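Visitor: One structure coming up, written as structure tokens, with questions to follow.
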Amino acid sequence: MAVTQLVGAKIHRREDPRLITGHGHYVDDFLRTGMVYAAFVRSPYPHARVRKIEVTDAAKAPGVVAVYTARDFKSVITGATHPATPSFVAEKKHVPERRPIAETEVRFQGEPVAVVLAESGAQAVDAVGLVDVDYEPLEAVTDIEKAIKPGSPAVHEGAPDNICWDLAYAGDDVTAAAFAEADVVVKERIHQQRLAPTSMEPRGVLAEYDPYDKKLQIWMSSQGPHFIRLFISGALGLPESNVRVVSPDVGGGFGSKISPYPEDYLVAAAAKLSGRPVKWIETRTESIQNTTHGRGEIFDIEVAAKKDGTLLGLKVTQWLDCGAYTATFSAFQPCACLMAGGAYKWKGISARTVGIFTHRVPTDPYRGAGRPEATHLAERAVDLVAREIGMDPVDIRRKNFIQPQDFPYTQNFGLVVDSGDYDKSLDKALELAGYKELRQQQADLRKQGRYLGIGLSTWIEICGFGPSAATAPATGGIALVESAQVRVLPTGSVIVYTGSHSHGQGHDTTQAQIVADTLGVPYDSIEIRHGDTAEGPAFGYGTYGSRTLAVGGLAIHMACRRVIEKGRKLAAHLLEAAEDDVSYEQGKFMVKGSPDKAKAFGEVAFASYGAGLPDGMDQGLEATAYFDPPNFVWPFGAHICVVEVDPETGSVDLQKYVAVDDCGTVINPLIVEGQLHGGITQSIAQALFEEVVYDPESGQLKTGTMIDYAVPTANEIPDLVLGSTVTPSPSNELGVKGIGEAGTIAASAAVINAICDALSPLGIKHIDMPASPDRLWRQINQARATAGNGQKGVKA
Amino acid sequence: MIPAAFEYEKAGSVEEAVSLLQRFGEDAKILAGGHSLIPLMRLRLAQPSALVDINGVKELNYVRLEGGKLRIGAMTRHVELQNNDLVRQNVPMLAEIADEVGDNQVRNMGTIGGVLAHADSAGDYPTLALMLEAELVTNKSRYQAKDFFKDVFTTAMAADEVLCEVVFAVANGPHKYIKFRRRLFDWAIVGAGAQKLNGGWRIGLTNVGPMPVRATAVEQALASGATPEQAAEHASDGLNPSGDLRASPDYKKHLARVLTKRAIQQAQGA
């Protein structure tokens, strides 16, 4: 390998000048000749029978080209749609068939029942209002606790109890001994509210069908265009090779742009039906209503421990709101159960996951997908025990951490944690936060009746999905490896095709840093390309689950090494030296011991396209690689949050946030910091601000705009104090892990632990999210009333 | 997020705006800064048949101090209210409220007249106008603030009436307005203002009912010598706020009391 020059350097994102000056190319920037605009007629009811759809007036409206309903699509969408992968639940009790458009029954508010195509977007939206749908509203259930009660309306006939799956990963026999020897047992119910992913760019699809060549081209805001090609070609009965999916610049996904959506199938099919290119761009309200939601769970936990703080056993039940269907990766979220033990050693963990249908839009992965929930419950569990036995939250963590010498550590569910040094990151975080001083300050303020709280989250994460042996069964066949192709052009510049996909992560920069170092070529001579199924290797696996560096980065590295190997053979031939005597350093192939006998990378590249190659060598200098990692990678860290709660109004002042994270070898510290800023903010958002709310009676979405769905801004987030430790992953040659979801996985627990710590003098042990002022005020009042300490309760 | 079709005309003067409103009829709306109206139109919650754009009406953009009164043209934008010396010196609470409206983009476009005419119960200027007994001047008549606000999103103005000016008496004594919200750019969950004026206190509340509220019971208690704590207990007297996603009715009433107490205390401390 070349001497490291760029890996580890703080290089500004080279894609930014283009993106921030408006020179990006998002789906909505593409125009095709003859293009029409689609708008969807959507159910206003969470559950209704569709008696009749009258489209006559809409079809006659100005500019309208066509109005399609379910019947029209039957001849075009002939294959299966909306696959539900096994993910972490191979055996499901009932997986309903899902079609992209409802014909006789709608099962969530926003489900499409008709599509209007018109010459302009405004005409399409106007005509939507003219489609007359005769609905018979039916009883709906939008709450998982109600959905599993006998007599609840069934979302699907095939699941009268509304249970999609009910799986015990480990039963109570595993924890019986631990609970038998426990001095203390604490229980809690933890809600994980539904969240809307709200990427800056909503979804969008543009499709064009060529009836002569029978080719379909799709431009789409997606995290994995190859999977979309696979799904859409199957549904439309086209050879996979006849479909091209281009995901150009994409403005964020957070997991919500992995699975195929109704609009993806319908816009492609409408292009085929109408013979016109069709564009649809999601509105913000459509996005909050119809893009899959994240979280949507209730966890019941029981923790057994000794009075000296030794953790013994953990029982977890996850009640997961699937929504109206089983989304493609819905059963990924049960990984919360498998990760529930966090950074600690346990004698036993029993875990059960129950997937439940409701009349709401389906849930699917959202940044962290199961791992934020795992951290939240593990970190809450540890704090609850610490409170119960009067131990400092730092001490109980240290007492139970998996130790550096324990790695590789096989945890309770058989996953092998590759590396870690949890005390080290905690030490550093405590130092950055000034923990001792904070505890003193807290004691002083308490005397004045003020409520300062300090919350910890010593999180760990599984990411870098993943080894083929684990992931092929989880997807139903396709292993989540990653592909790369490195092409060296005759004059020595390099094009790299990656099967990963950048939608804000800065891959153009970090991947070029890896290539520059591995190949020893100038950074500016490297072009990174992604997001077009017509280019590069046959299949790309896309970007999600913090996998791109630890899997995709290694594929690129591997392809670069193959290029060097061929280059070395050719250089040896040109230098008339034995192959073993030629080394490659800093862009030069040289004969060992004779540095003047050398060929530059560019010379070898040029020669590779010429005549006189060694026997058996064909022309060109390029290589393709698929990297199959031997294990997942396991980042970790320690976050500390300091809050002051105003007991009179219930508002939370976030005073300090410290994060020390370890993602192994760092390619670009700026990118890592950026990911942490975004990730922590998104998790603080869950802790304090965001929640998708439906009216409990009518099932109507109440948070349909960004006024009501409270995404925080920089104003609401304190300056983040970031630190790091570096524990290289033993699972790959670069020593890298992932950082895309770390902040989101870590932060909600730190914030809620801080609030609970602040309010501990009132006897408050647990707070649900979002910890809004109204909720906190109510809880504070209740605690005071219960304590009966003479302080004022609720006055209304 | 595409509004329904509407007609659009620019007016160059108040007179022209009035004649356009008369021409388009009752379903026409005036477009000032547009930061409330346009989002409502994009959600199709408002579907005016026509917009009469008064952004080019220069005669409505001014701040003057005349005869001990601060006269503010209806098209004066938040950013001007924030920075204008006459405002800062004579009705400083208005400048401070303007500082906390929305974000820079909103403050660069939004106008005082637009906020008052829109009559959103969560708007801050209506509360200030009510508690300071401002006068609202239209092309047809002059209204006392207490007679101007009729219901949520409803004023006393007729369809062809244009709000031209707001007149405040000078109020530069101790004051404080507290806007309680979760995000900096949000509307108030509840707002409370306190202003010392002519030896007494004026107390106003935002978003605790369909219209701005003047907390006269608090004012009277203070006049009778009550402490801020005691007086503020009356802030929720007679209130019947509706709950929303951010706050239940009883929490709003609680906030009315707490914020009123704090506003008075902080005004006294300033």
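As shown in the structure tokens, the chain order sets the letters A, B, ...; within each chain, residues go from 1, and ligands are also counted from 1 in the order they appear.
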Can you tell me, as a PyMOL selection string, what residues are no more than 6 Å from B:Asn55 when counting only C-alpha atoms, ignoring any on the same chain fewer than 2 positions away?
Guide: chain B and resi 32+53+57
Visitor: If DSSP is run on the backbone, what residues of stretch 148-255 of chain B are strand (DSSP E or B)? A reply as a PyMOL selection string would be ideal.
Guide: chain B and resi 149-151+154-155+163-169+175-180+190-197+200-206+213-214
Visitor: Once you have the residues from the selection above, write them out as a CSV table (one decimal), in the first residue's frame, restricted to N, CA, C and O atoms.
Guide:
chain,number,residue,atom,x,y,z
B,149,PHE,N,-60.5,43.1,16.3
B,149,PHE,CA,-60.4,41.6,16.2
B,149,PHE,C,-61.7,41.0,16.6
B,149,PHE,O,-62.2,41.2,17.7
B,150,LYS,N,-62.3,40.2,15.7
B,150,LYS,CA,-63.6,39.7,15.9
B,150,LYS,C,-63.7,38.2,16.2
B,150,LYS,O,-64.5,37.7,16.9
B,151,ASP,N,-62.7,37.5,15.7
B,151,ASP,CA,-62.7,36.0,15.9
B,151,ASP,C,-61.3,35.6,15.3
B,151,ASP,O,-60.6,36.4,14.8
B,154,THR,N,-60.5,36.6,11.8
B,154,THR,CA,-61.6,37.5,11.4
B,154,THR,C,-61.4,38.9,12.0
B,154,THR,O,-61.2,39.0,13.3
B,155,THR,N,-61.6,39.9,11.2
B,155,THR,CA,-61.5,41.3,11.7
B,155,THR,C,-62.8,42.0,11.4
B,155,THR,O,-63.6,41.5,10.7
B,163,LEU,N,-56.1,47.8,5.3
B,163,LEU,CA,-55.5,48.3,6.5
B,163,LEU,C,-54.3,49.1,6.1
B,163,LEU,O,-53.5,48.7,5.3
B,164,CYS,N,-54.3,50.4,6.6
B,164,CYS,CA,-53.2,51.3,6.1
B,164,CYS,C,-52.2,51.7,7.2
B,164,CYS,O,-51.0,51.8,6.8
B,165,GLU,N,-52.6,51.7,8.4
B,165,GLU,CA,-51.7,52.3,9.4
B,165,GLU,C,-52.1,51.8,10.8
B,165,GLU,O,-53.2,51.5,11.1
B,166,VAL,N,-51.0,51.7,11.6
B,166,VAL,CA,-51.2,51.3,13.0
B,166,VAL,C,-50.6,52.5,13.8
B,166,VAL,O,-49.5,52.9,13.6
B,167,VAL,N,-51.4,52.9,14.8
B,167,VAL,CA,-50.9,54.1,15.6
B,167,VAL,C,-50.8,53.6,17.1
B,167,VAL,O,-51.8,53.1,17.7
B,168,PHE,N,-49.6,53.8,17.6
B,168,PHE,CA,-49.3,53.4,19.0
B,168,PHE,C,-49.0,54.7,19.8
B,168,PHE,O,-48.3,55.6,19.3
B,169,ALA,N,-49.6,54.8,21.0
B,169,ALA,CA,-49.1,55.8,21.9
B,169,ALA,C,-47.7,55.4,22.3
B,169,ALA,O,-47.4,54.2,22.4
B,175,HIS,N,-41.0,46.9,30.4
B,175,HIS,CA,-41.8,46.0,29.6
B,175,HIS,C,-41.1,44.7,29.4
B,175,HIS,O,-39.9,44.6,29.5
B,176,LYS,N,-41.9,43.7,29.0
B,176,LYS,CA,-41.3,42.4,28.6
B,176,LYS,C,-42.4,41.6,27.9
B,176,LYS,O,-43.6,41.6,28.3
B,177,TYR,N,-42.0,41.0,26.8
B,177,TYR,CA,-42.9,40.1,26.1
B,177,TYR,C,-42.2,38.7,26.1
B,177,TYR,O,-41.0,38.6,25.7
B,178,ILE,N,-42.9,37.7,26.6
B,178,ILE,CA,-42.3,36.3,26.6
B,178,ILE,C,-43.1,35.5,25.6
B,178,ILE,O,-44.3,35.3,25.8
B,179,LYS,N,-42.4,35.0,24.7
B,179,LYS,CA,-43.0,34.1,23.7
B,179,LYS,C,-42.5,32.7,23.9
B,179,LYS,O,-41.4,32.3,23.7
B,180,PHE,N,-43.4,31.9,24.4
B,180,PHE,CA,-43.0,30.5,24.8
B,180,PHE,C,-43.3,29.6,23.6
B,180,PHE,O,-44.4,29.5,23.1
B,190,VAL,N,-47.9,29.9,24.0
B,190,VAL,CA,-48.6,31.0,24.7
B,190,VAL,C,-47.6,32.2,24.7
B,190,VAL,O,-46.4,32.0,24.9
B,191,GLY,N,-48.1,33.4,24.6
B,191,GLY,CA,-47.2,34.6,24.8
B,191,GLY,C,-47.8,35.5,25.8
B,191,GLY,O,-49.1,35.5,26.0
B,192,ALA,N,-47.0,36.2,26.6
B,192,ALA,CA,-47.5,37.1,27.6
B,192,ALA,C,-46.6,38.4,27.6
B,192,ALA,O,-45.4,38.3,27.5
B,193,GLY,N,-47.3,39.5,27.6
B,193,GLY,CA,-46.6,40.8,27.6
B,193,GLY,C,-47.0,41.6,28.8
B,193,GLY,O,-48.2,41.6,29.2
B,194,ALA,N,-46.1,42.4,29.3
B,194,ALA,CA,-46.3,43.3,30.4
B,194,ALA,C,-45.7,44.7,30.0
B,194,ALA,O,-44.5,44.7,29.6
B,195,GLN,N,-46.4,45.7,30.2
B,195,GLN,CA,-45.9,47.0,29.8
B,195,GLN,C,-46.4,48.0,30.9
B,195,GLN,O,-47.6,48.1,31.2
B,196,LYS,N,-45.4,48.7,31.4
B,196,LYS,CA,-45.7,49.8,32.4
B,196,LYS,C,-46.1,51.0,31.6
B,196,LYS,O,-45.4,51.4,30.7
B,197,LEU,N,-47.3,51.6,31.8
B,197,LEU,CA,-47.7,52.7,31.0
B,197,LEU,C,-48.6,53.7,31.9
B,197,LEU,O,-49.5,53.2,32.6
B,200,GLY,N,-49.6,52.6,35.4
B,200,GLY,CA,-50.3,51.3,35.6
B,200,GLY,C,-49.6,50.3,34.7
B,200,GLY,O,-48.6,50.5,34.0
B,201,TRP,N,-50.1,49.0,34.8
B,201,TRP,CA,-49.6,47.9,34.0
B,201,TRP,C,-50.6,47.6,32.9
B,201,TRP,O,-51.8,47.6,33.2
B,202,ARG,N,-50.1,47.2,31.8
B,202,ARG,CA,-50.9,46.6,30.7
B,202,ARG,C,-50.4,45.2,30.5
B,202,ARG,O,-49.2,45.0,30.4
B,203,ILE,N,-51.3,44.3,30.5
B,203,ILE,CA,-51.0,42.9,30.4
B,203,ILE,C,-51.7,42.2,29.2
B,203,ILE,O,-53.0,42.4,29.1
B,204,GLY,N,-51.0,41.6,28.3
B,204,GLY,CA,-51.7,40.9,27.2
B,204,GLY,C,-51.2,39.5,27.0
B,204,GLY,O,-50.1,39.1,27.4
B,205,LEU,N,-52.1,38.7,26.4
B,205,LEU,CA,-51.8,37.3,26.3
B,205,LEU,C,-52.1,36.8,24.8
B,205,LEU,O,-53.0,37.3,24.2
B,206,THR,N,-51.2,36.0,24.3
B,206,THR,CA,-51.3,35.5,23.0
B,206,THR,C,-51.6,34.0,22.9
B,206,THR,O,-51.1,33.2,23.7
B,213,VAL,N,-55.9,38.5,24.0
B,213,VAL,CA,-56.5,38.8,25.3
B,213,VAL,C,-55.8,39.8,26.1
B,213,VAL,O,-54.6,39.8,26.2
B,214,ARG,N,-56.6,40.7,26.6
B,214,ARG,CA,-56.0,41.7,27.6
B,214,ARG,C,-56.4,41.2,29.0
B,214,ARG,O,-57.6,41.0,29.3
Visitor: Would you list which chain B residues are within 6 Å of chain A using only C-alpha atoms, as a PyMOL selection string?
Guide: chain B and resi 1+247+250
Visitor: Skip stretch 622-639 of chain A itself and residues of its chain fewer than 6 positions away, then list as a PyMOL selection string all residues within 6 Å of it, counting only C-alpha atoms.
Guide: chain A and resi 425-426+456-464+466-467+481-488+555+559+563+658-663+737
Visitor: Pick out the residues sitting within 10 Å of stretch 224-231 of chain A, and hand them over as an mmCIF file with N, CA, C and O atoms, in the first residue's frame; count only C-alpha atoms, and ignore anything fewer than 6 positions along from it in its own chain.
Guide:
data_model
loop_
_atom_site.group_PDB
_atom_site.id
_atom_site.type_symbol
_atom_site.label_atom_id
_atom_site.label_comp_id
_atom_site.auth_asym_id
_atom_site.auth_seq_id
_atom_site.Cartn_x
_atom_site.Cartn_y
_atom_site.Cartn_z
ATOM 1 N N GLY A 79 -46.496 -8.657 -12.239
ATOM 2 C CA GLY A 79 -45.731 -9.451 -11.273
ATOM 3 C C GLY A 79 -46.014 -9.018 -9.849
ATOM 4 O O GLY A 79 -46.812 -8.121 -9.591
ATOM 5 N N ALA A 80 -45.309 -9.672 -8.935
ATOM 6 C CA ALA A 80 -45.464 -9.359 -7.510
ATOM 7 C C ALA A 80 -44.894 -7.967 -7.231
ATOM 8 O O ALA A 80 -43.960 -7.508 -7.892
ATOM 9 N N THR A 81 -45.488 -7.308 -6.243
ATOM 10 C CA THR A 81 -44.992 -5.995 -5.832
ATOM 11 C C THR A 81 -44.751 -6.013 -4.330
ATOM 12 O O THR A 81 -45.244 -6.883 -3.620
ATOM 13 N N HIS A 82 -44.021 -5.025 -3.868
ATOM 14 C CA HIS A 82 -43.811 -4.827 -2.427
ATOM 15 C C HIS A 82 -43.361 -6.102 -1.697
ATOM 16 O O HIS A 82 -44.060 -6.588 -0.792
ATOM 17 N N PRO A 83 -42.220 -6.654 -2.062
ATOM 18 C CA PRO A 83 -41.750 -7.846 -1.356
ATOM 19 C C PRO A 83 -41.482 -7.540 0.116
ATOM 20 O O PRO A 83 -41.061 -6.444 0.451
ATOM 21 N N LEU A 216 -37.375 0.585 -20.339
ATOM 22 C CA LEU A 216 -37.908 1.514 -19.346
ATOM 23 C C LEU A 216 -36.742 2.210 -18.660
ATOM 24 O O LEU A 216 -35.813 1.553 -18.195
ATOM 25 N N GLN A 217 -36.800 3.543 -18.665
ATOM 26 C CA GLN A 217 -35.785 4.276 -17.905
ATOM 27 C C GLN A 217 -36.464 5.058 -16.792
ATOM 28 O O GLN A 217 -37.475 5.718 -17.003
ATOM 29 N N ILE A 218 -35.848 4.988 -15.615
ATOM 30 C CA ILE A 218 -36.432 5.627 -14.440
ATOM 31 C C ILE A 218 -35.384 6.503 -13.768
ATOM 32 O O ILE A 218 -34.256 6.059 -13.547
ATOM 33 N N LEU A 238 -40.635 -7.092 -17.253
ATOM 34 C CA LEU A 238 -39.586 -6.739 -18.215
ATOM 35 C C LEU A 238 -38.290 -7.437 -17.819
ATOM 36 O O LEU A 238 -38.030 -7.636 -16.631
ATOM 37 N N PRO A 239 -37.454 -7.808 -18.821
ATOM 38 C CA PRO A 239 -36.132 -8.319 -18.437
ATOM 39 C C PRO A 239 -35.403 -7.238 -17.623
ATOM 40 O O PRO A 239 -35.535 -6.049 -17.930
ATOM 41 N N GLU A 240 -34.676 -7.654 -16.595
ATOM 42 C CA GLU A 240 -33.962 -6.695 -15.744
ATOM 43 C C GLU A 240 -33.051 -5.807 -16.591
ATOM 44 O O GLU A 240 -32.867 -4.625 -16.319
ATOM 45 N N SER A 241 -32.520 -6.399 -17.673
ATOM 46 C CA SER A 241 -31.592 -5.669 -18.541
ATOM 47 C C SER A 241 -32.289 -4.580 -19.351
ATOM 48 O O SER A 241 -31.629 -3.710 -19.909
ATOM 49 N N ASN A 242 -33.613 -4.613 -19.431
ATOM 50 C CA ASN A 242 -34.332 -3.587 -20.185
ATOM 51 C C ASN A 242 -34.710 -2.384 -19.328
ATOM 52 O O ASN A 242 -35.332 -1.447 -19.811
ATOM 53 N N VAL A 243 -34.379 -2.461 -18.063
ATOM 54 C CA VAL A 243 -34.742 -1.363 -17.161
ATOM 55 C C VAL A 243 -33.467 -0.686 -16.675
ATOM 56 O O VAL A 243 -32.507 -1.353 -16.278
ATOM 57 N N ARG A 244 -33.467 0.628 -16.773
ATOM 58 C CA ARG A 244 -32.336 1.406 -16.253
ATOM 59 C C ARG A 244 -32.873 2.344 -15.179
ATOM 60 O O ARG A 244 -33.840 3.066 -15.418
ATOM 61 N N VAL A 245 -32.262 2.306 -14.035
ATOM 62 C CA VAL A 245 -32.673 3.214 -12.961
ATOM 63 C C VAL A 245 -31.505 4.137 -12.633
ATOM 64 O O VAL A 245 -30.388 3.671 -12.392
ATOM 65 N N VAL A 246 -31.780 5.421 -12.668
ATOM 66 C CA VAL A 246 -30.762 6.416 -12.361
ATOM 67 C C VAL A 246 -31.204 7.165 -11.108
ATOM 68 O O VAL A 246 -32.285 7.747 -11.077
ATOM 69 N N SER A 247 -30.380 7.091 -10.089
ATOM 70 C CA SER A 247 -30.627 7.912 -8.899
ATOM 71 C C SER A 247 -29.530 8.950 -8.868
ATOM 72 O O SER A 247 -28.429 8.685 -8.410
ATOM 73 N N PRO A 248 -29.856 10.119 -9.391
ATOM 74 C CA PRO A 248 -28.807 11.142 -9.563
ATOM 75 C C PRO A 248 -28.440 11.729 -8.209
ATOM 76 O O PRO A 248 -28.237 10.970 -7.276
ATOM 77 N N LYS A 257 -35.655 5.574 1.640
ATOM 78 C CA LYS A 257 -35.610 5.439 0.180
ATOM 79 C C LYS A 257 -34.914 4.141 -0.232
ATOM 80 O O LYS A 257 -34.151 4.109 -1.197
ATOM 81 N N ILE A 258 -35.136 3.079 0.564
ATOM 82 C CA ILE A 258 -34.602 1.766 0.208
ATOM 83 C C ILE A 258 -35.710 0.934 -0.438
ATOM 84 O O ILE A 258 -35.562 0.411 -1.536
ATOM 85 N N SER A 259 -36.824 0.823 0.249
ATOM 86 C CA SER A 259 -37.903 -0.062 -0.187
ATOM 87 C C SER A 259 -38.660 0.538 -1.368
ATOM 88 O O SER A 259 -38.705 1.749 -1.531
ATOM 89 N N PRO A 260 -39.278 -0.330 -2.187
ATOM 90 C CA PRO A 260 -40.081 0.198 -3.286
ATOM 91 C C PRO A 260 -41.428 0.715 -2.770
ATOM 92 O O PRO A 260 -41.997 0.141 -1.844
ATOM 93 N N TYR A 261 -41.902 1.788 -3.369
ATOM 94 C CA TYR A 261 -43.153 2.433 -2.961
ATOM 95 C C TYR A 261 -44.212 2.267 -4.050
ATOM 96 O O TYR A 261 -43.880 2.063 -5.222
ATOM 97 N N ASP A 264 -43.545 4.240 -7.157
ATOM 98 C CA ASP A 264 -42.463 3.768 -8.027
ATOM 99 C C ASP A 264 -43.031 2.856 -9.113
ATOM 100 O O ASP A 264 -42.697 2.967 -10.290
ATOM 101 N N TYR A 265 -43.894 1.932 -8.685
ATOM 102 C CA TYR A 265 -44.514 1.026 -9.657
ATOM 103 C C TYR A 265 -45.497 1.779 -10.559
ATOM 104 O O TYR A 265 -45.545 1.562 -11.767
ATOM 105 N N ILE A 478 -30.360 -12.263 -1.956
ATOM 106 C CA ILE A 478 -29.228 -11.446 -2.401
ATOM 107 C C ILE A 478 -28.381 -11.035 -1.203
ATOM 108 O O ILE A 478 -28.868 -10.382 -0.270
ATOM 109 N N GLY A 499 -21.042 0.402 -6.192
ATOM 110 C CA GLY A 499 -22.426 -0.037 -6.052
ATOM 111 C C GLY A 499 -23.117 0.613 -4.873
ATOM 112 O O GLY A 499 -24.315 0.449 -4.672
ATOM 113 N N SER A 500 -22.354 1.363 -4.092
ATOM 114 C CA SER A 500 -22.963 2.120 -3.001
ATOM 115 C C SER A 500 -23.589 3.382 -3.593
ATOM 116 O O SER A 500 -23.438 3.663 -4.771
ATOM 117 N N HIS A 501 -24.281 4.123 -2.776
ATOM 118 C CA HIS A 501 -24.990 5.289 -3.299
ATOM 119 C C HIS A 501 -24.853 6.463 -2.337
ATOM 120 O O HIS A 501 -25.106 6.327 -1.144
ATOM 121 N N SER A 502 -24.490 7.610 -2.871
ATOM 122 C CA SER A 502 -24.323 8.781 -2.019
ATOM 123 C C SER A 502 -25.577 9.638 -2.055
ATOM 124 O O SER A 502 -26.013 10.053 -3.119
ATOM 125 N N HIS A 530 -21.661 6.706 -9.269
ATOM 126 C CA HIS A 530 -22.604 5.808 -8.597
ATOM 127 C C HIS A 530 -24.013 6.159 -9.058
ATOM 128 O O HIS A 530 -24.234 7.188 -9.690
ATOM 129 N N GLY A 531 -24.954 5.311 -8.734
ATOM 130 C CA GLY A 531 -26.364 5.681 -8.882
ATOM 131 C C GLY A 531 -26.944 5.488 -10.269
ATOM 132 O O GLY A 531 -28.013 6.012 -10.553
ATOM 133 N N ASP A 532 -26.288 4.728 -11.142
ATOM 134 C CA ASP A 532 -26.837 4.487 -12.476
ATOM 135 C C ASP A 532 -26.644 3.006 -12.794
ATOM 136 O O ASP A 532 -25.506 2.532 -12.903
ATOM 137 N N THR A 533 -27.759 2.294 -12.956
ATOM 138 C CA THR A 533 -27.635 0.851 -13.174
ATOM 139 C C THR A 533 -27.028 0.523 -14.529
ATOM 140 O O THR A 533 -26.681 -0.630 -14.785
ATOM 141 N N ALA A 534 -26.905 1.524 -15.408
ATOM 142 C CA ALA A 534 -26.312 1.271 -16.723
ATOM 143 C C ALA A 534 -24.797 1.338 -16.669
ATOM 144 O O ALA A 534 -24.123 1.089 -17.669
ATOM 145 N N ALA A 538 -22.497 -5.307 -12.403
ATOM 146 C CA ALA A 538 -23.865 -5.739 -12.674
ATOM 147 C C ALA A 538 -24.826 -5.342 -11.571
ATOM 148 O O ALA A 538 -25.972 -5.005 -11.834
ATOM 149 N N PHE A 539 -24.355 -5.403 -10.351
ATOM 150 C CA PHE A 539 -25.265 -5.113 -9.249
ATOM 151 C C PHE A 539 -24.575 -4.249 -8.208
ATOM 152 O O PHE A 539 -23.396 -4.420 -7.923
ATOM 153 N N GLY A 540 -25.340 -3.307 -7.685
ATOM 154 C CA GLY A 540 -24.865 -2.494 -6.571
ATOM 155 C C GLY A 540 -25.868 -2.634 -5.456
ATOM 156 O O GLY A 540 -27.056 -2.835 -5.698
ATOM 157 N N TYR A 541 -25.406 -2.555 -4.239
ATOM 158 C CA TYR A 541 -26.264 -2.910 -3.095
ATOM 159 C C TYR A 541 -26.802 -1.691 -2.373
ATOM 160 O O TYR A 541 -27.704 -1.795 -1.554
ATOM 161 N N GLY A 542 -26.244 -0.529 -2.693
ATOM 162 C CA GLY A 542 -26.815 0.697 -2.149
ATOM 163 C C GLY A 542 -26.280 1.063 -0.784
ATOM 164 O O GLY A 542 -25.460 0.351 -0.198
ATOM 165 N N THR A 543 -26.774 2.189 -0.286
ATOM 166 C CA THR A 543 -26.232 2.733 0.954
ATOM 167 C C THR A 543 -27.305 2.853 2.014
ATOM 168 O O THR A 543 -28.337 3.484 1.800
ATOM 169 N N TYR A 544 -27.056 2.192 3.129
ATOM 170 C CA TYR A 544 -27.945 2.164 4.299
ATOM 171 C C TYR A 544 -27.184 1.399 5.368
ATOM 172 O O TYR A 544 -26.205 0.721 5.087
#
